[in-house]
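*Asks:* Below is one structure. I have some questions about it.
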Amino acid sequence: MIITIDGPVASGKSTAARNLARLLCFHHLDTGAIFRAMTLMAIDEGIDITDEDALIDMLKRVRIGLEDDRVMLCGRDVTERIRLPEVSAAVRPLAENPMIRSFVLDIERSVAKDTDIVVEGRDMGTVVFPDADLKFYLTSSAEERAQRRWEELRQRGTPQEFETVLAELVERDRADMTRDVAPLQVPADAVLVDSTGWSPQQTLEKLHSVVLERLGGRV
Ligand code: DC
């Protein structure tokens, strides 16, 4: 069984997906982590990400492992490093590259094969798993998402002005929603959840109640 959660940056998707997977005893796949791991490899190896031949060579060598929310890159645990600001800053061109997306799509589908899983990203319900059993689109107000990101940056010791964080977030939303390849869209058959003002627990309860309503008896 496949449950997809799509949504914009800092919408609380990862927390919600992880919590829901734990509650249902499903696997969890954070697909942003795959794009981040590829980006980290390109950074570590000094690969020019505008050079398609260099990327083809990278794809021949890259090995990504996803196990219980740990992310392995060529046998090394990179779970923490893929969240570094330099990775966040460099990931967009790779995520917009059709060749990279098609490679990642194969990984996503193979991880989800023959298993019960909650998958989260930008194009899960629209492109990767159009026949998913249940689709969510999780969002909240730009101010609230910027507040989360601001707090996250502060805790990591890389604080930024709130206004800057908000402006960047609005720009990222625009870029994610208007890009040519797999833009962020609300899947036609998704349940839209606006979690503005909710705690992670309230969001989990909402998602869980929809799961029980829609998939009751199967989970
Ligand atoms: O959700 P995140 O910030 O970890 O995602 C990292 C990048 O990957 C971000 O630029 C959005 C992109 N992404 C994507 O294009 N499609 C997905 N399914 C998941 C993430």
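Chain lettering (A, B, ...) mirrors the order of the structure tokens, residue numbering begins at 1 for each chain separately, and ligand numbering begins at 1 in order of display.
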Identify, on the basis of only C-alpha atoms, every residue whose closest approach to Thr50 of chain A does not exceed 12 Å; exclude the query and any residue fewer than 2 positions from it along the same chain; express the result as a list of chain:residue names.

*Replies:*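 Here the answer would be A:Ala42, A:Gly46, A:Ile47, A:Asp48, A:Glu52, A:Asp53, A:Ala54, A:Leu55, A:Ile56, A:Ala90, A:Arg92, A:Pro93, A:Leu94, A:Glu96, A:Asn97, A:Met99, A:Ile100.
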
*Asks:* Which residues are close to Cys25 of chain A, i.e. within 10 Å by only C-alpha atoms, leaving aside same-chain residues fewer than 5 positions away? Reply as a PyMOL selection string.

*Replies:* chain A and resi 19-20+116-118+219

*Asks:* As an exercise, work out the distance from atom 4 (O, counted along the ligand's line) of ligand 1 to atom CA of Thr139 of chain A in Å and give it to one decimal place.

*Replies:*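 Separation of atom 4 (O, counted along the ligand's line) of ligand 1 and atom CA of Thr139 of chain A: 14.9 Å.
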
*Asks:* Within 7 Å of ligand 1 (counting only C-alpha atoms and all ligand atoms), which residues show up? I'd like them as a count of residues only.

*Replies:* 16

*Asks:* Using only C-alpha atoms, which residue out of A:Glu151, A:Asp30, A:Asp176, A:Glu86 lies closest to Asp69 of chain A?

*Replies:*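 Going through A:Glu151, A:Asp30, A:Asp176, A:Glu86 one by one, the smallest distance to Asp69 of chain A is for A:Asp30.
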
*Asks:* Can you pull out every residue within 10 Å of Leu134 of chain A, counting only C-alpha atoms, but drop anything in the same chain fewer than 6 positions away, and send it as JSON, numbers by chain?

*Replies:* {"A": [1, 2, 3, 4, 5, 118, 125, 189, 190, 191, 210, 211, 214, 215]}

*Asks:* Include N, CA and C atoms and write out the residues we just selected as a short mmCIF file (atom, residue, chain, number, x, y, z; two decimals), in the first residue's frame.

*Replies:*
```cif
data_model
loop_
_atom_site.label_atom_id
_atom_site.label_comp_id
_atom_site.auth_asym_id
_atom_site.auth_seq_id
_atom_site.Cartn_x
_atom_site.Cartn_y
_atom_site.Cartn_z
N MET A 1 0.85 -1.20 0.00
CA MET A 1 0.00 0.00 0.00
C MET A 1 0.89 1.25 0.00
N ILE A 2 0.50 2.22 -0.80
CA ILE A 2 1.32 3.44 -0.90
C ILE A 2 0.50 4.67 -0.51
N ILE A 3 1.03 5.43 0.43
CA ILE A 3 0.41 6.71 0.81
C ILE A 3 1.40 7.80 0.44
N THR A 4 0.96 8.77 -0.35
CA THR A 4 1.86 9.85 -0.75
C THR A 4 1.54 11.13 0.03
N ILE A 5 2.60 11.87 0.33
CA ILE A 5 2.43 13.21 0.93
C ILE A 5 3.28 14.18 0.12
N VAL A 118 4.94 5.12 3.31
CA VAL A 118 4.52 6.52 3.20
C VAL A 118 5.67 7.23 2.48
N GLY A 125 2.39 12.09 -5.76
CA GLY A 125 1.04 11.73 -6.20
C GLY A 125 0.79 12.04 -7.66
N ASP A 189 -6.58 14.02 -7.09
CA ASP A 189 -7.36 13.20 -6.15
C ASP A 189 -6.76 13.21 -4.74
N ALA A 190 -6.04 14.28 -4.40
CA ALA A 190 -5.40 14.33 -3.07
C ALA A 190 -6.33 14.94 -2.02
N VAL A 191 -6.09 14.56 -0.78
CA VAL A 191 -6.76 15.20 0.35
C VAL A 191 -5.88 16.38 0.76
N VAL A 210 -7.98 10.41 8.32
CA VAL A 210 -8.30 10.24 6.90
C VAL A 210 -7.92 8.83 6.44
N VAL A 211 -6.77 8.35 6.92
CA VAL A 211 -6.33 7.00 6.55
C VAL A 211 -7.39 5.99 7.00
N ARG A 214 -10.51 6.35 4.82
CA ARG A 214 -10.40 5.93 3.42
C ARG A 214 -9.93 4.48 3.26
N LEU A 215 -9.03 4.08 4.15
CA LEU A 215 -8.42 2.75 3.98
C LEU A 215 -8.77 1.82 5.12
#
```

*Asks:* May I have all residues of segment 72-206 of chain A that DSSP, computed from the backbone, assigns to alpha helix (DSSP H), given as a PyMOL selection string?

*Replies:* chain A and resi 85-95+98-112+142-155+162-178+200-206

*Asks:* Return the single residue from A:Glu80, A:Arg148, A:Gly7, A:Val62 that is closest to Met41 of chain A, with distances computed using only C-alpha atoms.

*Replies:*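 Of A:Glu80, A:Arg148, A:Gly7, A:Val62, the one nearest Met41 of chain A is A:Val62, counting only C-alpha atoms.
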
*Asks:* Have a look at A:Val111, A:Leu207, A:Ile64, A:Leu29 and name the one nearest to Arg76 of chain A; count only C-alpha atoms.

*Replies:*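 Selected residue with least distance to Arg76 of chain A: A:Ile64.
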
*Asks:* Smallest atom-to-atom distance to Gly75 of chain A: which of A:Ala37, A:Val87, A:Leu105, A:Val128, using only C-alpha atoms?

*Replies:* A:Ala37

*Asks:* Quick one: residues within 12 Å of Gln202 of chain A, only C-alpha atoms counted, chain neighbours fewer than 5 positions away excluded, as a list in words?

*Replies:*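 Counting only C-alpha atoms, the residues come to Gly12, Thr15, Ala16, Asn19, Leu20, Val193, Asp194, Ser195, Thr196, Gly197, Leu207, His208 and Ser209 of chain A.
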
*Asks:* Determine which residues of chain A DSSP labels as strand (DSSP E or B) from the backbone of this structure, then write them out as a PyMOL selection string.

*Replies:* chain A and resi 2-6+27-30+64-67+70-73+76-77+117-121+134-139+191-194

*Asks:* Residues of the last selection are to be written out with N, CA and C atoms, as a JSON list (two decimals), in the first residue's frame.

*Replies:*
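After the write, again.json holds the following:
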```
[["chain", "number", "residue", "atom", "x", "y", "z"],
["A", 2, "ILE", "N", 0.50, 2.22, -0.80],
["A", 2, "ILE", "CA", 1.32, 3.44, -0.90],
["A", 2, "ILE", "C", 0.50, 4.67, -0.51],
["A", 3, "ILE", "N", 1.03, 5.43, 0.43],
["A", 3, "ILE", "CA", 0.41, 6.71, 0.81],
["A", 3, "ILE", "C", 1.40, 7.80, 0.44],
["A", 4, "THR", "N", 0.96, 8.77, -0.35],
["A", 4, "THR", "CA", 1.86, 9.85, -0.75],
["A", 4, "THR", "C", 1.54, 11.13, 0.03],
["A", 5, "ILE", "N", 2.60, 11.87, 0.33],
["A", 5, "ILE", "CA", 2.43, 13.21, 0.93],
["A", 5, "ILE", "C", 3.28, 14.18, 0.12],
["A", 6, "ASP", "N", 2.65, 15.09, -0.59],
["A", 6, "ASP", "CA", 3.37, 16.14, -1.30],
["A", 6, "ASP", "C", 3.09, 17.46, -0.59],
["A", 27, "HIS", "N", 6.83, 1.57, 6.02],
["A", 27, "HIS", "CA", 8.13, 2.18, 5.73],
["A", 27, "HIS", "C", 7.90, 3.66, 5.43],
["A", 28, "HIS", "N", 9.01, 4.41, 5.45],
["A", 28, "HIS", "CA", 8.93, 5.84, 5.16],
["A", 28, "HIS", "C", 10.04, 6.20, 4.17],
["A", 29, "LEU", "N", 9.67, 6.94, 3.13],
["A", 29, "LEU", "CA", 10.68, 7.39, 2.17],
["A", 29, "LEU", "C", 10.59, 8.89, 1.97],
["A", 30, "ASP", "N", 11.71, 9.58, 2.33],
["A", 30, "ASP", "CA", 11.84, 11.02, 2.13],
["A", 30, "ASP", "C", 12.60, 11.19, 0.81],
["A", 64, "ILE", "N", 23.03, 4.79, -3.50],
["A", 64, "ILE", "CA", 22.30, 5.41, -2.40],
["A", 64, "ILE", "C", 21.52, 4.34, -1.65],
["A", 65, "GLY", "N", 21.66, 4.33, -0.34],
["A", 65, "GLY", "CA", 20.94, 3.35, 0.48],
["A", 65, "GLY", "C", 20.05, 4.10, 1.46],
["A", 66, "LEU", "N", 18.83, 3.62, 1.61],
["A", 66, "LEU", "CA", 17.88, 4.29, 2.51],
["A", 66, "LEU", "C", 17.37, 3.24, 3.49],
["A", 67, "GLU", "N", 17.70, 3.40, 4.73],
["A", 67, "GLU", "CA", 17.34, 2.39, 5.72],
["A", 67, "GLU", "C", 16.93, 3.07, 7.02],
["A", 70, "ARG", "N", 17.98, 6.55, 7.77],
["A", 70, "ARG", "CA", 19.40, 6.87, 7.59],
["A", 70, "ARG", "C", 19.66, 6.89, 6.08],
["A", 71, "VAL", "N", 20.47, 7.82, 5.65],
["A", 71, "VAL", "CA", 20.77, 7.94, 4.23],
["A", 71, "VAL", "C", 22.23, 7.60, 4.01],
["A", 72, "MET", "N", 22.48, 6.59, 3.19],
["A", 72, "MET", "CA", 23.84, 6.14, 2.92],
["A", 72, "MET", "C", 24.22, 6.54, 1.50],
["A", 73, "LEU", "N", 25.41, 7.09, 1.36],
["A", 73, "LEU", "CA", 25.92, 7.46, 0.03],
["A", 73, "LEU", "C", 27.23, 6.71, -0.17],
["A", 76, "ARG", "N", 28.66, 5.40, 2.97],
["A", 76, "ARG", "CA", 28.88, 6.32, 4.10],
["A", 76, "ARG", "C", 27.56, 6.89, 4.58],
["A", 77, "ASP", "N", 27.41, 7.03, 5.89],
["A", 77, "ASP", "CA", 26.18, 7.60, 6.44],
["A", 77, "ASP", "C", 26.25, 9.12, 6.30],
["A", 117, "ILE", "N", 4.15, 1.70, 2.47],
["A", 117, "ILE", "CA", 5.10, 2.81, 2.61],
["A", 117, "ILE", "C", 4.39, 4.17, 2.56],
["A", 118, "VAL", "N", 4.94, 5.12, 3.31],
["A", 118, "VAL", "CA", 4.52, 6.52, 3.20],
["A", 118, "VAL", "C", 5.67, 7.23, 2.48],
["A", 119, "VAL", "N", 5.38, 7.80, 1.31],
["A", 119, "VAL", "CA", 6.42, 8.49, 0.54],
["A", 119, "VAL", "C", 6.11, 9.99, 0.52],
["A", 120, "GLU", "N", 7.16, 10.79, 0.66],
["A", 120, "GLU", "CA", 6.93, 12.25, 0.67],
["A", 120, "GLU", "C", 7.87, 12.95, -0.29],
["A", 121, "GLY", "N", 7.36, 14.03, -0.89],
["A", 121, "GLY", "CA", 8.17, 14.80, -1.83],
["A", 121, "GLY", "C", 7.36, 15.89, -2.48],
["A", 134, "LEU", "N", -3.62, 6.33, -1.37],
["A", 134, "LEU", "CA", -4.14, 7.55, -0.74],
["A", 134, "LEU", "C", -3.11, 8.66, -0.93],
["A", 135, "LYS", "N", -3.59, 9.85, -1.29],
["A", 135, "LYS", "CA", -2.67, 10.98, -1.53],
["A", 135, "LYS", "C", -3.03, 12.15, -0.64],
["A", 136, "PHE", "N", -2.00, 12.73, -0.05],
["A", 136, "PHE", "CA", -2.20, 13.96, 0.73],
["A", 136, "PHE", "C", -1.41, 15.09, 0.09],
["A", 137, "TYR", "N", -1.92, 16.30, 0.24],
["A", 137, "TYR", "CA", -1.13, 17.50, -0.06],
["A", 137, "TYR", "C", -1.14, 18.30, 1.23],
["A", 138, "LEU", "N", 0.03, 18.41, 1.83],
["A", 138, "LEU", "CA", 0.13, 19.06, 3.14],
["A", 138, "LEU", "C", 0.76, 20.44, 2.99],
["A", 139, "THR", "N", 0.08, 21.43, 3.52],
["A", 139, "THR", "CA", 0.64, 22.78, 3.44],
["A", 139, "THR", "C", 0.31, 23.55, 4.71],
["A", 191, "VAL", "N", -6.09, 14.56, -0.78],
["A", 191, "VAL", "CA", -6.76, 15.20, 0.35],
["A", 191, "VAL", "C", -5.88, 16.38, 0.76],
["A", 192, "LEU", "N", -6.43, 17.58, 0.69],
["A", 192, "LEU", "CA", -5.66, 18.78, 1.01],
["A", 192, "LEU", "C", -5.73, 19.05, 2.52],
["A", 193, "VAL", "N", -4.57, 19.12, 3.15],
["A", 193, "VAL", "CA", -4.53, 19.37, 4.59],
["A", 193, "VAL", "C", -3.75, 20.65, 4.85],
["A", 194, "ASP", "N", -4.41, 21.65, 5.41],
["A", 194, "ASP", "CA", -3.74, 22.89, 5.78],
["A", 194, "ASP", "C", -3.51, 22.84, 7.29]]
```

*Asks:* Using atom CA of Thr126 of chain A and atom CA of Val181 of chain A as the two end points, give the distance in Å to one decimal.

*Replies:* 11.5 Å

*Asks:* Between A:Pro187, A:Pro200, A:Pro98, A:Gly216, single out the one closest to Ser14 of chain A, counting only C-alpha atoms.

*Replies:*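 Among the listed residues, the smallest separation from Ser14 of chain A belongs to A:Pro200.
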
*Asks:* In terms of the shortest atom-to-atom distance over only C-alpha atoms, which of A:Val186, A:Ala146, A:Cys74, A:Ile49 is closest to Leu166 of chain A?

*Replies:*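 Using only C-alpha atoms, Leu166 of chain A sits closest to A:Ala146.
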